[in-house]
$ cat structure00.cif   # mmCIF, C-alpha atoms
data_target
#
loop_
_atom_site.label_atom_id
_atom_site.label_comp_id
_atom_site.auth_asym_id
_atom_site.auth_seq_id
_atom_site.Cartn_x
_atom_site.Cartn_y
_atom_site.Cartn_z
CA MET A 265 0.00 0.00 0.00
CA HIS A 266 1.20 3.52 -0.77
CA SER A 267 1.07 6.19 1.94
CA LEU A 268 -1.52 9.00 1.79
CA ALA A 269 1.21 11.38 0.74
CA GLU A 270 1.89 9.22 -2.31
CA ARG A 271 -1.71 8.97 -3.53
CA GLY A 272 -2.31 10.97 -6.66
CA VAL A 273 1.42 11.33 -7.33
CA PRO A 274 2.48 9.87 -10.69
CA LEU A 275 4.41 6.63 -10.39
CA THR A 276 7.43 8.04 -12.20
CA GLU A 277 7.68 10.86 -9.65
CA ARG A 278 7.45 8.39 -6.77
CA GLN A 279 10.26 6.33 -8.29
CA LYS A 280 12.49 9.38 -8.61
CA THR A 281 11.93 10.15 -4.95
CA ASN A 282 12.54 6.59 -3.79
CA LEU A 283 15.71 6.12 -5.85
CA SER A 284 17.19 9.48 -4.89
CA GLY A 285 18.35 8.11 -1.55
CA LEU A 286 19.55 4.78 -2.87
CA SER A 287 23.06 3.99 -1.61
CA ASP A 288 23.35 0.22 -2.06
CA TRP A 289 24.66 -0.20 -5.61
CA ASP A 290 25.44 -3.88 -4.97
CA ALA A 291 21.74 -4.64 -4.36
CA ALA A 292 20.85 -2.68 -7.50
CA ARG A 293 23.40 -4.69 -9.47
CA ILE A 294 21.88 -7.96 -8.25
CA PHE A 295 18.41 -6.66 -9.15
CA LEU A 296 19.59 -6.01 -12.73
CA GLU A 297 21.12 -9.48 -12.93
CA VAL A 298 17.81 -11.11 -11.91
CA VAL A 299 16.02 -9.08 -14.59
CA ARG A 300 18.57 -10.01 -17.27
CA CYS A 301 18.75 -13.69 -16.35
CA GLY A 302 14.99 -14.08 -15.91
CA SER A 303 15.16 -15.96 -12.62
CA PHE A 304 16.69 -15.83 -9.15
CA ARG A 305 18.41 -19.18 -9.70
CA SER A 306 20.13 -18.18 -12.98
CA ALA A 307 21.22 -14.86 -11.48
CA ALA A 308 22.64 -16.66 -8.43
CA GLU A 309 24.68 -18.97 -10.67
CA ARG A 310 26.02 -16.09 -12.75
CA LEU A 311 26.92 -14.07 -9.63
CA SER A 312 28.32 -17.10 -7.75
CA LEU A 313 25.91 -16.48 -4.87
CA SER A 314 23.39 -18.70 -3.13
CA ILE A 315 19.80 -18.28 -4.25
CA ASN A 316 18.85 -17.28 -0.69
CA ALA A 317 21.49 -14.53 -0.72
CA VAL A 318 20.01 -13.17 -3.97
CA ARG A 319 16.50 -13.25 -2.48
CA ARG A 320 17.67 -11.38 0.62
CA ARG A 321 19.32 -8.66 -1.46
CA ILE A 322 16.21 -8.25 -3.60
CA ASP A 323 14.08 -7.96 -0.44
CA ASP A 324 16.49 -5.28 0.81
CA PHE A 325 16.27 -3.47 -2.51
CA GLU A 326 12.48 -3.54 -2.47
CA ARG A 327 12.54 -1.99 1.02
CA GLN A 328 14.91 0.72 -0.18
CA THR A 329 12.77 1.58 -3.21
CA GLY A 330 9.55 1.23 -1.27
CA THR A 331 7.83 -0.88 -3.91
CA THR A 332 7.33 -4.46 -5.07
CA LEU A 333 9.68 -5.14 -7.96
CA PHE A 334 8.82 -8.78 -8.76
CA THR A 335 5.88 -11.11 -8.51
CA ARG A 336 6.66 -14.81 -8.16
CA ASP A 337 4.58 -17.85 -9.00
CA VAL A 338 5.04 -21.43 -10.15
CA HIS A 339 5.91 -20.16 -13.64
CA GLY A 340 8.80 -18.00 -12.49
CA THR A 341 9.70 -14.40 -11.69
CA HIS A 342 7.83 -11.50 -13.31
CA LEU A 343 8.76 -7.81 -13.27
CA THR A 344 6.02 -5.47 -12.03
CA ASP A 345 5.24 -2.15 -13.75
CA GLU A 346 7.03 -0.41 -10.89
CA GLY A 347 9.96 -2.76 -11.32
CA ALA A 348 10.21 -1.90 -15.03
CA LEU A 349 10.60 1.78 -14.14
CA VAL A 350 13.28 0.93 -11.62
CA VAL A 351 15.15 -1.10 -14.27
CA SER A 352 15.44 1.97 -16.49
CA ALA A 353 16.71 4.11 -13.62
CA VAL A 354 19.22 1.53 -12.40
CA GLU A 355 20.56 0.95 -15.93
CA ARG A 356 21.32 4.68 -16.09
CA MET A 357 23.12 4.35 -12.76
CA GLU A 358 25.08 1.39 -14.13
CA ALA A 359 26.12 3.28 -17.26
CA ALA A 360 27.20 6.29 -15.18
CA THR A 361 29.23 4.04 -12.87
CA PHE A 362 31.08 2.51 -15.81
CA ASP A 363 31.76 5.97 -17.26
CA VAL A 364 33.33 7.01 -13.95
CA LEU A 365 35.52 3.88 -13.92
CA ARG A 366 36.68 4.45 -17.48
CA ALA A 367 37.38 8.13 -16.83
CA SER A 368 39.42 7.16 -13.79
CA ASP A 369 41.35 4.60 -15.84
CA SER A 370 42.10 7.08 -18.60
CA MET A 371 43.80 9.42 -16.12
CA ALA A 372 46.14 6.68 -14.87
CA ASN A 373 49.68 6.16 -16.12
CA ALA A 374 49.43 4.96 -19.72
CA LEU A 375 51.85 2.09 -19.32
CA SER A 376 50.92 0.84 -15.86
CA GLY A 377 47.84 -0.57 -14.21
CA GLU A 378 45.65 -3.57 -14.92
CA VAL A 379 44.06 -4.82 -18.13
CA ARG A 380 41.34 -7.46 -17.84
CA VAL A 381 41.14 -9.84 -20.80
CA ALA A 382 38.31 -12.37 -21.03
CA VAL A 383 38.81 -15.26 -23.43
CA THR A 384 37.50 -18.74 -24.05
CA GLU A 385 39.24 -21.37 -21.95
CA GLY A 386 40.95 -23.19 -24.81
CA LEU A 387 42.32 -20.10 -26.55
CA GLY A 388 43.40 -18.65 -23.21
CA THR A 389 45.15 -21.82 -22.05
CA PHE A 390 46.75 -23.02 -25.26
CA TRP A 391 47.29 -19.84 -27.30
CA LEU A 392 47.36 -16.61 -25.28
CA ALA A 393 48.90 -17.67 -21.96
CA PRO A 394 52.08 -19.15 -23.53
CA ARG A 395 52.56 -16.01 -25.64
CA LEU A 396 51.65 -13.24 -23.16
CA VAL A 397 55.31 -13.11 -22.17
CA GLU A 398 55.78 -11.02 -25.34
CA PHE A 399 53.34 -8.40 -24.04
CA GLN A 400 54.83 -8.56 -20.54
CA GLN A 401 58.33 -7.90 -21.85
CA ALA A 402 57.11 -4.94 -23.91
CA TYR A 403 54.99 -3.44 -21.08
CA PRO A 404 56.40 -4.72 -17.77
CA LYS A 405 54.30 -2.40 -15.59
CA ILE A 406 50.96 -3.56 -16.99
CA LEU A 407 49.24 -6.32 -15.04
CA VAL A 408 47.26 -8.67 -17.27
CA ASP A 409 44.24 -10.32 -15.63
CA LEU A 410 43.52 -13.21 -18.03
CA HIS A 411 40.09 -14.66 -17.29
CA CYS A 412 39.52 -17.95 -19.15
CA ALA A 413 35.90 -19.14 -19.27
CA MET A 414 33.37 -20.34 -21.82
CA ARG A 415 30.77 -17.76 -20.74
CA SER A 416 30.99 -14.69 -22.95
CA ALA A 417 32.03 -11.53 -21.05
CA ASP A 418 30.08 -8.29 -21.59
CA VAL A 419 32.53 -5.38 -21.99
CA SER A 420 29.68 -2.85 -22.03
CA ARG A 421 28.95 -3.84 -18.42
CA HIS A 422 32.63 -3.59 -17.45
CA GLU A 423 33.01 -7.37 -16.98
CA ALA A 424 36.32 -7.07 -18.86
CA ASP A 425 38.30 -4.41 -20.69
CA VAL A 426 38.75 -6.65 -23.73
CA ALA A 427 36.92 -9.88 -24.55
CA ILE A 428 37.44 -12.59 -27.15
CA HIS A 429 34.41 -14.58 -28.30
CA LEU A 430 33.58 -17.50 -30.60
CA SER A 431 30.27 -15.94 -31.65
CA ARG A 432 29.56 -12.33 -32.58
CA PRO A 433 28.35 -10.31 -29.56
CA SER A 434 24.99 -8.62 -30.04
CA ALA A 435 25.51 -5.49 -27.89
CA LEU A 436 25.23 -2.28 -29.92
CA ASP A 437 27.45 0.03 -27.85
CA ILE A 438 30.73 -1.84 -28.29
CA LYS A 439 33.56 -1.98 -30.82
CA LEU A 440 34.10 -5.28 -32.65
CA VAL A 441 37.12 -6.66 -34.49
CA ARG A 442 36.97 -9.95 -36.37
CA LEU A 443 40.32 -11.52 -35.53
CA GLY A 444 40.27 -14.68 -37.62
CA ARG A 445 38.63 -18.06 -37.90
CA MET A 446 38.97 -21.30 -35.93
CA HIS A 447 38.60 -24.50 -37.97
CA LEU A 448 37.36 -27.56 -36.05
CA MET A 449 38.26 -31.16 -36.91
CA PHE A 450 37.86 -34.67 -35.51
CA TRP A 451 41.01 -36.02 -33.82
CA ALA A 452 42.13 -39.27 -32.20
CA SER A 453 45.29 -40.38 -30.45
CA GLU A 454 47.80 -42.81 -31.94
CA LYS A 455 46.89 -45.19 -29.12
CA TYR A 456 43.15 -45.04 -29.93
CA ILE A 457 43.69 -45.55 -33.67
CA ALA A 458 46.01 -48.51 -33.09
CA LYS A 459 43.26 -50.19 -31.06
CA HIS A 460 40.04 -49.11 -32.80
CA GLY A 461 41.05 -47.87 -36.24
CA ALA A 462 40.46 -44.44 -37.84
CA PRO A 463 36.95 -43.65 -39.16
CA ARG A 464 36.81 -41.90 -42.53
CA THR A 465 33.10 -41.02 -42.76
CA ALA A 466 30.32 -39.86 -40.44
CA ALA A 467 28.72 -43.30 -40.81
CA GLU A 468 31.90 -44.98 -39.59
CA LEU A 469 32.22 -42.41 -36.78
CA ILE A 470 28.96 -43.64 -35.23
CA LYS A 471 30.69 -46.97 -34.50
CA HIS A 472 33.21 -45.17 -32.26
CA ARG A 473 33.06 -43.34 -28.91
CA LEU A 474 33.41 -39.60 -28.55
CA VAL A 475 34.79 -37.21 -25.94
CA LEU A 476 33.23 -33.74 -26.30
CA GLN A 477 33.33 -30.36 -24.62
CA PHE A 478 29.94 -28.86 -23.79
CA ALA A 479 30.11 -25.11 -23.12
CA ASP A 480 28.05 -21.97 -23.76
CA GLN A 481 30.00 -20.50 -26.68
CA LEU A 482 30.40 -23.81 -28.52
CA ALA A 483 26.70 -24.71 -28.87
CA ALA A 484 27.93 -28.32 -28.70
CA LYS A 485 24.53 -29.88 -28.07
CA GLU A 486 23.06 -28.28 -31.21
CA SER A 487 26.14 -29.25 -33.24
CA PHE A 488 25.95 -32.85 -32.03
CA GLU A 489 22.28 -33.11 -33.00
CA SER A 490 22.91 -31.64 -36.46
CA PHE A 491 25.88 -33.91 -37.16
CA PHE A 492 24.30 -37.05 -35.66
CA PRO A 493 20.53 -36.64 -36.25
CA GLY A 494 18.46 -39.11 -34.28
CA VAL A 495 21.47 -40.45 -32.35
CA SER A 496 21.44 -40.28 -28.55
CA GLU A 497 24.44 -38.76 -26.76
CA ARG A 498 24.56 -41.88 -24.59
CA ASP A 499 25.10 -44.05 -27.65
CA LEU A 500 28.26 -42.18 -28.70
CA LEU A 501 29.72 -40.24 -25.77
CA VAL A 502 32.13 -41.86 -23.38
CA MET A 503 32.90 -38.54 -21.65
CA LYS A 504 31.86 -34.89 -21.75
CA THR A 505 33.37 -31.92 -19.94
CA ASN A 506 33.06 -28.14 -19.80
CA VAL A 507 36.84 -27.59 -19.88
CA SER A 508 38.79 -27.79 -23.14
CA SER A 509 42.11 -28.74 -21.49
CA ALA A 510 40.54 -31.77 -19.77
CA ASN A 511 38.78 -32.63 -23.01
CA TYR A 512 42.05 -32.45 -24.95
CA TRP A 513 44.13 -34.59 -22.61
CA ALA A 514 41.40 -37.23 -22.31
CA VAL A 515 41.47 -37.66 -26.09
CA ALA A 516 45.27 -37.48 -26.22
CA ASN A 517 45.40 -40.40 -23.77
CA GLY A 518 43.08 -42.57 -25.86
CA ALA A 519 39.69 -42.06 -24.19
CA GLY A 520 37.92 -41.52 -27.51
CA ILE A 521 37.60 -39.27 -30.57
CA GLY A 522 37.40 -35.51 -29.96
CA VAL A 523 36.75 -32.25 -31.78
CA PHE A 524 39.52 -29.64 -31.66
CA PRO A 525 40.82 -26.71 -33.72
CA SER A 526 43.25 -27.48 -36.54
CA TYR A 527 46.12 -26.16 -34.40
CA ALA A 528 45.66 -29.10 -31.97
CA ILE A 529 48.50 -30.85 -33.80
CA ALA A 530 50.90 -28.50 -31.98
CA LEU A 531 49.60 -28.88 -28.41
CA GLY A 532 51.93 -31.70 -27.42
CA GLY A 533 49.74 -34.82 -27.37
CA LYS A 534 50.19 -37.40 -30.10
CA LEU A 535 46.94 -36.66 -31.92
CA ILE A 536 46.12 -37.57 -35.51
CA PRO A 537 43.66 -35.44 -37.53
CA LEU A 538 40.89 -37.61 -38.97
CA GLU A 539 39.61 -37.19 -42.52
CA VAL A 540 35.95 -37.08 -41.45
CA GLU A 541 34.70 -33.74 -42.75
CA LEU A 542 33.25 -31.55 -40.01
CA ASN A 543 33.05 -28.19 -41.84
CA ARG A 544 32.21 -26.09 -38.80
CA PRO A 545 34.43 -22.99 -38.61
CA LEU A 546 34.00 -20.50 -35.75
CA ASP A 547 34.77 -16.82 -36.23
CA ILE A 548 36.92 -15.28 -33.49
CA TRP A 549 35.76 -11.82 -32.33
CA LEU A 550 37.35 -9.19 -30.13
CA SER A 551 35.13 -6.68 -28.33
CA TYR A 552 35.80 -3.60 -26.21
CA HIS A 553 33.94 -0.51 -25.07
CA PRO A 554 34.82 2.66 -27.04
CA GLY A 555 35.75 4.41 -23.79
CA SER A 556 38.10 1.60 -22.76
CA GLY A 557 39.71 1.67 -26.20
CA ARG A 558 40.92 5.22 -25.50
CA ILE A 559 42.84 4.09 -22.39
CA PRO A 560 46.46 3.69 -23.56
CA ARG A 561 47.25 0.43 -21.74
CA VAL A 562 44.02 -1.15 -23.04
CA ARG A 563 44.78 0.11 -26.54
CA HIS A 564 48.21 -1.55 -26.38
CA MET A 565 46.52 -4.84 -25.42
CA ILE A 566 43.96 -4.55 -28.23
CA ASP A 567 46.70 -3.97 -30.79
CA TRP A 568 48.75 -6.89 -29.45
CA LEU A 569 45.76 -9.25 -29.54
CA ILE A 570 44.95 -8.30 -33.14
CA GLU A 571 48.52 -9.17 -34.09
CA ALA A 572 48.45 -12.36 -31.97
CA PHE A 573 45.57 -13.70 -34.09
CA SER A 574 46.88 -12.44 -37.44
CA PRO A 575 45.84 -14.90 -40.20
CA ALA A 576 48.73 -13.60 -42.30
CA ARG A 577 51.20 -14.89 -39.69
CA PHE A 578 49.33 -17.91 -38.36
CA PRO A 579 47.70 -20.12 -41.03
CA TRP A 580 45.41 -21.90 -38.53
CA PHE A 581 43.46 -18.61 -38.16
CA LYS A 582 42.98 -18.06 -41.91
CA GLU A 583 39.59 -17.66 -43.53
CA GLU A 584 40.13 -20.78 -45.63
CA PHE A 585 40.93 -24.13 -44.06
CA VAL A 586 44.60 -25.11 -43.98
CA HIS A 587 45.23 -28.76 -43.15
CA PRO A 588 47.52 -29.29 -40.12
CA HIS A 589 49.92 -31.30 -42.30
CA GLU A 590 50.46 -28.12 -44.36
CA PHE A 591 51.43 -25.91 -41.41
CA LYS A 592 55.15 -26.59 -41.84
CA ASP A 593 54.99 -25.27 -45.39
CA SER A 594 52.87 -22.18 -44.66
CA TYR A 595 54.29 -21.15 -41.27
CA MET A 596 57.90 -20.03 -40.96
CA GLY A 597 58.07 -18.96 -37.29
CA GLU A 598 59.33 -20.67 -34.16
CA PRO A 599 58.57 -24.40 -33.61
CA LEU A 600 54.83 -24.98 -33.22
CA THR A 601 55.04 -26.86 -29.94
CA GLN A 602 57.09 -24.04 -28.43
CA LEU A 603 54.68 -21.45 -29.85
CA PHE A 604 51.70 -23.07 -28.15
CA GLY A 605 53.52 -23.85 -24.93
CA GLY A 606 52.88 -27.56 -25.45
CA PHE A 607 55.02 -30.54 -24.51
CA SER A 608 57.55 -31.83 -26.98
CA THR A 609 56.26 -34.65 -29.14
CA GLU A 610 59.77 -35.94 -29.82
CA GLU A 611 60.79 -39.23 -28.23
CA GLN A 612 63.02 -38.87 -25.20
CA ARG A 613 66.38 -40.60 -25.46
#

$ encode --input "structure00.cif" --output "structure tokens"
Amino acid sequence: MHSLAERGVPLTERQKTNLSGLSDWDAARIFLEVVRCGSFRSAAERLSLSINAVRRRIDDFERQTGTTLFTRDVHGTHLTDEGALVVSAVERMEAATFDVLRASDSMANALSGEVRVAVTEGLGTFWLAPRLVEFQQAYPKILVDLHCAMRSADVSRHEADVAIHLSRPSALDIKLVRLGRMHLMFWASEKYIAKHGAPRTAAELIKHRLVLQFADQLAAKESFESFFPGVSERDLLVMKTNVSSANYWAVANGAGIGVFPSYAIALGGKLIPLEVELNRPLDIWLSYHPGSGRIPRVRHMIDWLIEAFSPARFPWFKEEFVHPHEFKDSYMGEPLTQLFGGFSTEEQR
């Protein structure tokens, strides 16, 4: 119930009054996350909080704003009309907060401070981490916070200064650079092939067992269903994981057949590329907020990342598919295993 003083006052005016004294930005941030995720449970998972903690903060926020923001029933969480007005106001607060952070960053020493880079787990582990020493040597006072995860980071919400994605981000207020293309293939270890043979067609592949990574940016479930229509995961999968490094080493040790980028030949395990056509390239995108791009240390990182994925230098990122067996002819740089930070594939003597 609204107080007598509130009766007859337009709702928008009441919201301005209630939000004017709001001091708990953390509760407002959690409120926005619930709205964007569509449920308390999804928001709790994204924020790494318990669902009860999210509910408590929303209750606190409703007391601060003096209104009911959500209705809840068996079908889920629904935003009230009052809540929709609060969303608009809090989003303006969020944008202003990020502007303050970026302005503060831009006044800092150009070649010192922290740069947060979000990247998919496989590219971060196998490609960027082994090569970031180049950036470190060039800019020793810049701290790189490399966050490797398969959930896409939103640079417009200040989740990272720079993010690398395997699908094009949809946000409108960000800068995008298409870095290159990742070409996926089926692979098996020498040990697996010696025991089970090497399939050459999709029909033969169904007689084998697979090890696959299931993660947000890969859309693996949809890809599996399109490649194996009518086939149950249980009939083919011997293992699935959300982490590309675990997925890779399981396949490298003979657990089953896996799907990896064409550069997997250089990661250190004795993997053999199979001739079963997959034909599923993934474009690699870099995103950053225009304001962050004007911060010198972030700009240095953006430029370095663009060069680190240069298709002209690294054939595995080219638009067209280059078979791994052709890398030695088309790449003239340092040894591939060293480049990727992998383990030597040469026999120890």

$ residues_around --input "structure00.cif" --residues "Asp345 of chain A" --least-positions-apart "3" --cutoff "8 Å" --atoms "all atoms listed in the file" --output "JSON, numbers by chain"
{"A": [333, 348, 349]}

$ residues_near_point --input "structure00.cif" --point "(47.7, -19.2, -42.7)" --cutoff "12 Å" --atoms "all atoms listed in the file" --output "PyMOL selection string"
chain A and resi 444-447+526-527+573-588+590-597

$ atom_distance --input "structure00.cif" --atom1 "atom CA of Gly340 of chain A" --atom2 "atom CA of Gly302 of chain A"
8.1 Å

$ resolve_selection --input "structure00.cif" --expression "the PyMOL selection byres ((chain A and resi 544-546) around 8)" --output "number ranges by chain"
A: 430-431, 445-448, 542-543, 547-548

$ residues_around --input "structure00.cif" --residues "segment 402-415 of chain A" --least-positions-apart "6" --cutoff "10 Å" --atoms "all atoms listed in the file" --output "number ranges by chain"
A: 310, 373-389, 392-393, 396, 424-430, 478-482, 506-508, 561-562, 564-565

$ resolve_selection --input "structure00.cif" --expression "the PyMOL selection byres ((chain A and resi 491-504) around 8)" --output "ChimeraX atom specification"
/A:470-478,487-490,505-506,511,519-520
